[in-house]
Amino acid sequence: MMPWISDQGDGTFANPVLHADYSDPDVIRVGEDFYMTASSFSHIPGLPILHSKDLVNWKLINHAIPRMDLPGYELPQHGNGVWAPAIRYHAGKYWIFYGDPDVGIFMTTADDPAGEWSPLHLVQEGKGFIDPCPFWDDDGQAYLVHAYANSRAGIKHVLRMRRMSPDGAKLLDEGDLVFDGSGNHPTTEGPKLYKRNGYYYIFAPAGGVATGWQLILRSRSIFGPFEEKIVLHQGDLSINGPHQGGWVELASGESWFLHFQDKGAYGRIVHLQPVRWVDDWPLMGVDTNGDGIGEPVLRYPKPNVGREYPAVAPFTSDSFDAPAFGLQWQWQANPEPAWSSLSDAPGRLRLYAHPMPPSAKSLYQAPQLLLQKFPAEAFEAAATIDASGLAPGDRAGLIVFGYSYALIEIQKQTGGAWSLLYAEGNEETERTVWEAPLSSSEAVLRVTVKEGAICTFSCRTEGSTFLKIPVMPFSARESRWVGAKVGLFALRPGGTVNAGGYIDTDSFRVAAVTDDE
């Protein structure tokens with residue numbers, strides 16, 4: 001059973017449509033298909049591509065960036081990399097623009113979003129340029145609007161509009177600052193540019209990730225001046241910071257808005273709001289308290305796309321019987337071929353134990369962690385581990401990862417015995433909390449995550465039941481701009497240069513929490 005499904009099976013959906021960390025989502029409709037992308041920061045592969053037929057049921061179908069060909073990505077670059085992309089369909093192909101706050105604005109294109117995307121092209125070099133969104137006008141002229149990262153540019157709250165070459169390859173001028181939100185709309189960012197009924201619209205979140213609102217700017221001229229209106233906020237509901245996202249109009253005439261909610265350790269999860277147009281203003285959600293501003297819906301009739309589609313969600317479990325990694329998996333940096341194999345032991349994932357970088361103080365700086373997003377508020381993840389291939393001193397197991405992390409691992413001792421260890425760590429250090437002898441090199445390692453991202457770890461050897469690790473539950477934490485993750489690792493002791501042994505796993509199962517908890 002999948003741990004989170006938005007589709008209620010009765011013509012309605014429950015928010016969020018994705019209870020997973022797809023931060024800064026943007027969405028387009030092309031015919032009967034919807035495509036979404038999101039920030040991926042420094043995790044590889046990056047720039048996820050999701051597909052849906054109804055805006056509620058989504059599949060992860062690709063990543064636009066298989067490898068980050070920029071200096072430094074052999075090591076984790078927490079919080080850097082791919083910020084707030086925009087996806088568009090123009091001139092028969094798909095386009096994604098995103099800002100790297102340390103490098104500039106990048107672009108990639110594809111004829112098929114599920115196929116190969118072009119190598120990243122640097123549209124505009126410069127520090128602090130973030131959240132770019134391209135726009136091709138009716139007269140063939142092209143533009144790009146973007147925001148600024150205060151940490152790099154020393155500027156915030158403002159949006160700049162610039163002319164762009166029609167091929168998207170370069171910006172043609174410095175453009176104009178078209179909006180300054182420093183008075184009433186601090187941290188205005190994440191702009192998305194549209195045109196409807198002769199108006200140019202900028203959809204822009206303001207007020208901060210956890211507490212903000214959705215701001216709409218409109219003008220008859222692309223360079224303004226712009227009128228402004230808040231159209232979505234938290235109001236009296238529990239959905240905090242409902243803002244940054246993308247708008248789509250359906251063939252049926254309906255309008256919908258996808259946006260994120262910052263949910264702490266779970267990351268920035270994705271919600272879907274109905275949109276109605278009143279006097280050429282988009283009003284989002286439902287005005288439940290009569291203040292003239294919409295609040296997020298918790299449950300609502302599904303979009304009218306002409307038919308019903310099966311309930312689906314991005315894959316989480318993996319039996320490792322495919323020739324390539326499942327799309328749910330990401331590394332902490334550009335992967336090395338020597339870290340893993342899906343062919344050395346067919347039907348199994350083999351992770352080879354390699355040392356951490358000399359500069360690493362803990363696993364927080366380890367690039368060879370194979371991780372995936374938390375998929376629901378409550379779930380369990382269990383990995384079947386065969387550690388018989390480990391060399392003495394090697395350690396491998398299951399980890400919940402963030403600013404602080406917890407792990408359960410099998411370690412091979414120098415004398416050939418096996419140990420089961422539970423450890424906790426953070427950016428600076430790691431400590432073993434509990435240790436016990438293990439009678440076998442084969443075990444199922446499991447973490448159970450319950451409401452509030454409270455994690456308990458357990459282990460089962462052949463012929464036994466799951467035994468909880470006798471320690472206090474661990475509270476998962478987010479990392480830099482991303483939610484907590486869960487996955488696998490294999491490591492050599494610190495200071496060891498040569499590669500060590502390996503573990504095999506033929507099953508990583510993610511499911512709803514079972515009754516034996």
# chains A, B, ... in the order shown; residues from 1 in each chain; ligands from 1
call {"tool": "select_by_dssp", "arguments": {"residues": "segment 107-248 of chain A", "states": "strand (DSSP E or B)", "output": "number ranges by chain"}}
result
A: 107-110, 121-125, 129-136, 142-148, 158-164, 171, 176-180, 192-196, 199-206, 213-219, 227-232, 245-248
call {"tool": "select_by_dssp", "arguments": {"residues": "segment 47-233 of chain A", "states": "helix (DSSP H, G or I)", "output": "list in words"}}
result
Asn150, Ser151, Arg152 and Ala153 of chain A
call {"tool": "write_last_selection", "arguments": {"atoms": "C-alpha atoms", "output": "PDB file, in the first residue's frame"}}
result
ATOM      1  CA  ASN A 150      20.209  38.673  -0.933  1.00  0.00           C
ATOM      2  CA  SER A 151      22.945  36.344   0.329  1.00  0.00           C
ATOM      3  CA  ARG A 152      24.831  36.738  -2.967  1.00  0.00           C
ATOM      4  CA  ALA A 153      23.630  39.994  -4.512  1.00  0.00           C
TER       5      ALA A 153
END
call {"tool": "residues_around", "arguments": {"residues": "Leu420 of chain A", "least_positions_apart": "5", "cutoff": "10 Å", "atoms": "only C-alpha atoms", "output": "ChimeraX atom specification"}}
result
/A:395-397,408-412,434-441,443,445,459,469
call {"tool": "write_last_selection", "arguments": {"atoms": "all heavy atoms", "output": "compact mmCIF listing (two decimals), in the first residue's frame"}}
result
# COMPACT_ATOMS: atom_id res chain seq x y z
N ARG A 395 31.27 -0.39 7.32
CA ARG A 395 29.95 -0.16 7.93
C ARG A 395 28.96 0.19 6.83
O ARG A 395 29.29 0.89 5.87
CB ARG A 395 30.02 0.97 8.95
CG ARG A 395 30.73 2.21 8.48
CD ARG A 395 30.96 3.20 9.60
NE ARG A 395 29.71 3.73 10.13
CZ ARG A 395 29.53 5.04 10.38
NH1 ARG A 395 30.49 5.92 10.15
NH2 ARG A 395 28.40 5.45 10.88
N ALA A 396 27.74 -0.30 6.97
CA ALA A 396 26.73 -0.04 5.94
C ALA A 396 25.35 -0.23 6.54
O ALA A 396 25.16 -1.03 7.46
CB ALA A 396 26.92 -1.00 4.76
N GLY A 397 24.38 0.52 6.00
CA GLY A 397 23.04 0.36 6.53
C GLY A 397 22.05 1.37 6.01
O GLY A 397 22.16 1.86 4.87
N ILE A 408 21.00 3.07 11.32
CA ILE A 408 21.19 1.72 11.85
C ILE A 408 22.08 0.99 10.85
O ILE A 408 21.83 1.02 9.65
CB ILE A 408 19.84 1.01 12.07
CG1 ILE A 408 20.05 -0.39 12.65
CG2 ILE A 408 19.01 0.98 10.81
CD1 ILE A 408 18.74 -1.07 13.03
N GLU A 409 23.14 0.36 11.35
CA GLU A 409 24.14 -0.20 10.44
C GLU A 409 24.64 -1.55 10.92
O GLU A 409 24.58 -1.88 12.11
CB GLU A 409 25.31 0.75 10.30
CG GLU A 409 26.15 0.88 11.56
CD GLU A 409 27.31 1.84 11.39
OE1 GLU A 409 27.20 2.74 10.55
OE2 GLU A 409 28.31 1.69 12.11
N ILE A 410 25.13 -2.30 9.95
CA ILE A 410 25.86 -3.53 10.23
C ILE A 410 27.34 -3.23 10.05
O ILE A 410 27.74 -2.61 9.06
CB ILE A 410 25.43 -4.67 9.29
CG1 ILE A 410 23.94 -4.96 9.46
CG2 ILE A 410 26.25 -5.92 9.54
CD1 ILE A 410 23.40 -5.97 8.45
N GLN A 411 28.12 -3.64 11.00
CA GLN A 411 29.56 -3.40 10.94
C GLN A 411 30.29 -4.73 11.12
O GLN A 411 29.93 -5.54 11.98
CB GLN A 411 29.99 -2.42 12.03
CG GLN A 411 31.43 -1.95 11.91
CD GLN A 411 31.75 -0.87 12.93
OE1 GLN A 411 32.54 -1.10 13.85
NE2 GLN A 411 31.11 0.29 12.80
N LYS A 412 31.30 -4.94 10.27
CA LYS A 412 32.11 -6.14 10.40
C LYS A 412 33.33 -5.84 11.26
O LYS A 412 34.10 -4.90 10.97
CB LYS A 412 32.55 -6.67 9.04
CG LYS A 412 33.27 -8.01 9.13
CD LYS A 412 33.50 -8.65 7.77
CE LYS A 412 34.09 -10.04 7.91
NZ LYS A 412 34.32 -10.68 6.60
N TRP A 434 24.05 3.08 20.59
CA TRP A 434 23.72 1.72 21.03
C TRP A 434 24.44 0.73 20.12
O TRP A 434 24.60 0.96 18.93
CB TRP A 434 22.21 1.52 20.96
CG TRP A 434 21.73 0.14 21.26
CD1 TRP A 434 21.41 -0.37 22.49
CD2 TRP A 434 21.48 -0.92 20.33
NE1 TRP A 434 20.99 -1.68 22.38
CE2 TRP A 434 21.01 -2.04 21.05
CE3 TRP A 434 21.61 -1.02 18.94
CZ2 TRP A 434 20.69 -3.24 20.44
CZ3 TRP A 434 21.28 -2.22 18.33
CH2 TRP A 434 20.83 -3.31 19.08
N GLU A 435 24.87 -0.40 20.70
CA GLU A 435 25.57 -1.42 19.92
C GLU A 435 25.27 -2.79 20.52
O GLU A 435 25.13 -2.93 21.74
CB GLU A 435 27.07 -1.16 19.94
CG GLU A 435 27.89 -2.16 19.12
CD GLU A 435 29.36 -1.80 19.08
OE1 GLU A 435 29.74 -0.76 19.64
OE2 GLU A 435 30.13 -2.57 18.46
N ALA A 436 25.15 -3.78 19.65
CA ALA A 436 24.90 -5.15 20.10
C ALA A 436 25.48 -6.12 19.09
O ALA A 436 25.60 -5.80 17.90
CB ALA A 436 23.40 -5.40 20.28
N PRO A 437 25.86 -7.32 19.52
CA PRO A 437 26.33 -8.32 18.55
C PRO A 437 25.18 -8.76 17.65
O PRO A 437 24.01 -8.76 18.05
CB PRO A 437 26.82 -9.46 19.44
CG PRO A 437 26.11 -9.28 20.73
CD PRO A 437 25.91 -7.81 20.91
N LEU A 438 25.53 -9.13 16.43
CA LEU A 438 24.55 -9.58 15.44
C LEU A 438 24.91 -11.00 15.05
O LEU A 438 26.07 -11.28 14.71
CB LEU A 438 24.55 -8.65 14.23
CG LEU A 438 23.44 -8.82 13.21
CD1 LEU A 438 22.08 -8.49 13.82
CD2 LEU A 438 23.70 -7.91 12.00
N SER A 439 23.94 -11.89 15.10
CA SER A 439 24.23 -13.30 14.86
C SER A 439 24.42 -13.64 13.40
O SER A 439 24.92 -14.72 13.06
CB SER A 439 23.08 -14.16 15.43
OG SER A 439 21.84 -13.81 14.80
N SER A 440 24.02 -12.73 12.50
CA SER A 440 24.08 -13.02 11.07
C SER A 440 24.50 -11.77 10.32
O SER A 440 24.33 -10.64 10.80
CB SER A 440 22.71 -13.49 10.58
OG SER A 440 22.67 -13.57 9.17
N SER A 441 25.07 -11.98 9.14
CA SER A 441 25.43 -10.85 8.29
C SER A 441 24.26 -10.41 7.41
O SER A 441 24.40 -9.46 6.64
CB SER A 441 26.61 -11.22 7.40
OG SER A 441 26.27 -12.30 6.54
N ALA A 443 20.21 -9.16 7.35
CA ALA A 443 19.17 -8.61 8.21
C ALA A 443 18.29 -7.67 7.40
O ALA A 443 18.69 -7.19 6.32
CB ALA A 443 19.78 -7.89 9.41
N LEU A 445 16.75 -4.07 7.87
CA LEU A 445 16.84 -2.86 8.67
C LEU A 445 15.66 -1.97 8.32
O LEU A 445 15.35 -1.77 7.14
CB LEU A 445 18.15 -2.13 8.38
CG LEU A 445 19.44 -2.97 8.51
CD1 LEU A 445 20.66 -2.10 8.23
CD2 LEU A 445 19.53 -3.61 9.89
N CYS A 459 15.23 -3.95 13.64
CA CYS A 459 16.00 -4.92 12.86
C CYS A 459 15.37 -6.30 12.99
O CYS A 459 14.83 -6.66 14.05
CB CYS A 459 17.44 -4.95 13.37
SG CYS A 459 18.49 -6.20 12.58
N ILE A 469 15.17 -0.87 18.21
CA ILE A 469 16.42 -0.44 18.84
C ILE A 469 16.05 0.32 20.12
O ILE A 469 15.25 1.26 20.08
CB ILE A 469 17.23 0.45 17.89
CG1 ILE A 469 17.47 -0.26 16.56
CG2 ILE A 469 18.55 0.85 18.54
CD1 ILE A 469 18.16 -1.59 16.67
call {"tool": "closest_atom_pairs", "arguments": {"of": "segment 83-198 of chain A", "to": "segment 48-66 of chain A", "cutoff": "10 Å", "atoms": "only C-alpha atoms", "output": "tab-separated table"}}
result
residue	atom	partner	partner_atom	distance
A:Ile87	CA	A:Ile49	CA	9.6
A:Ile96	CA	A:Ala64	CA	8.7
A:Thr108	CA	A:Ala64	CA	7.8
A:Thr109	CA	A:Ala64	CA	8.6
A:Ala110	CA	A:Ala64	CA	8.7
A:Pro113	CA	A:Ile49	CA	7.1
A:Ala114	CA	A:Asn62	CA	5.5
A:Gly115	CA	A:Asn62	CA	7.5
A:Glu116	CA	A:Ala64	CA	7.2
A:Trp117	CA	A:Ala64	CA	5.4
A:Ser118	CA	A:Ala64	CA	8.1
A:Pro119	CA	A:Ile65	CA	8.0
A:Leu120	CA	A:Ile65	CA	8.0
call {"tool": "residues_around", "arguments": {"residues": "Ile293 of chain A", "least_positions_apart": "2", "cutoff": "9 Å", "atoms": "only C-alpha atoms", "output": "list in words"}}
result
Ile230, Val231, Leu232, His233, Gly235, Leu283, Met284, Gly285, Val286, Asp287, Thr288, Asn289, Gly290, Asp291 and Glu295 of chain A
call {"tool": "residues_around", "arguments": {"residues": "Gly181 of chain A", "least_positions_apart": "5", "cutoff": "7 Å", "atoms": "only C-alpha atoms", "output": "VMD selection string"}}
result
chain A and resid 157 to 158 186 188
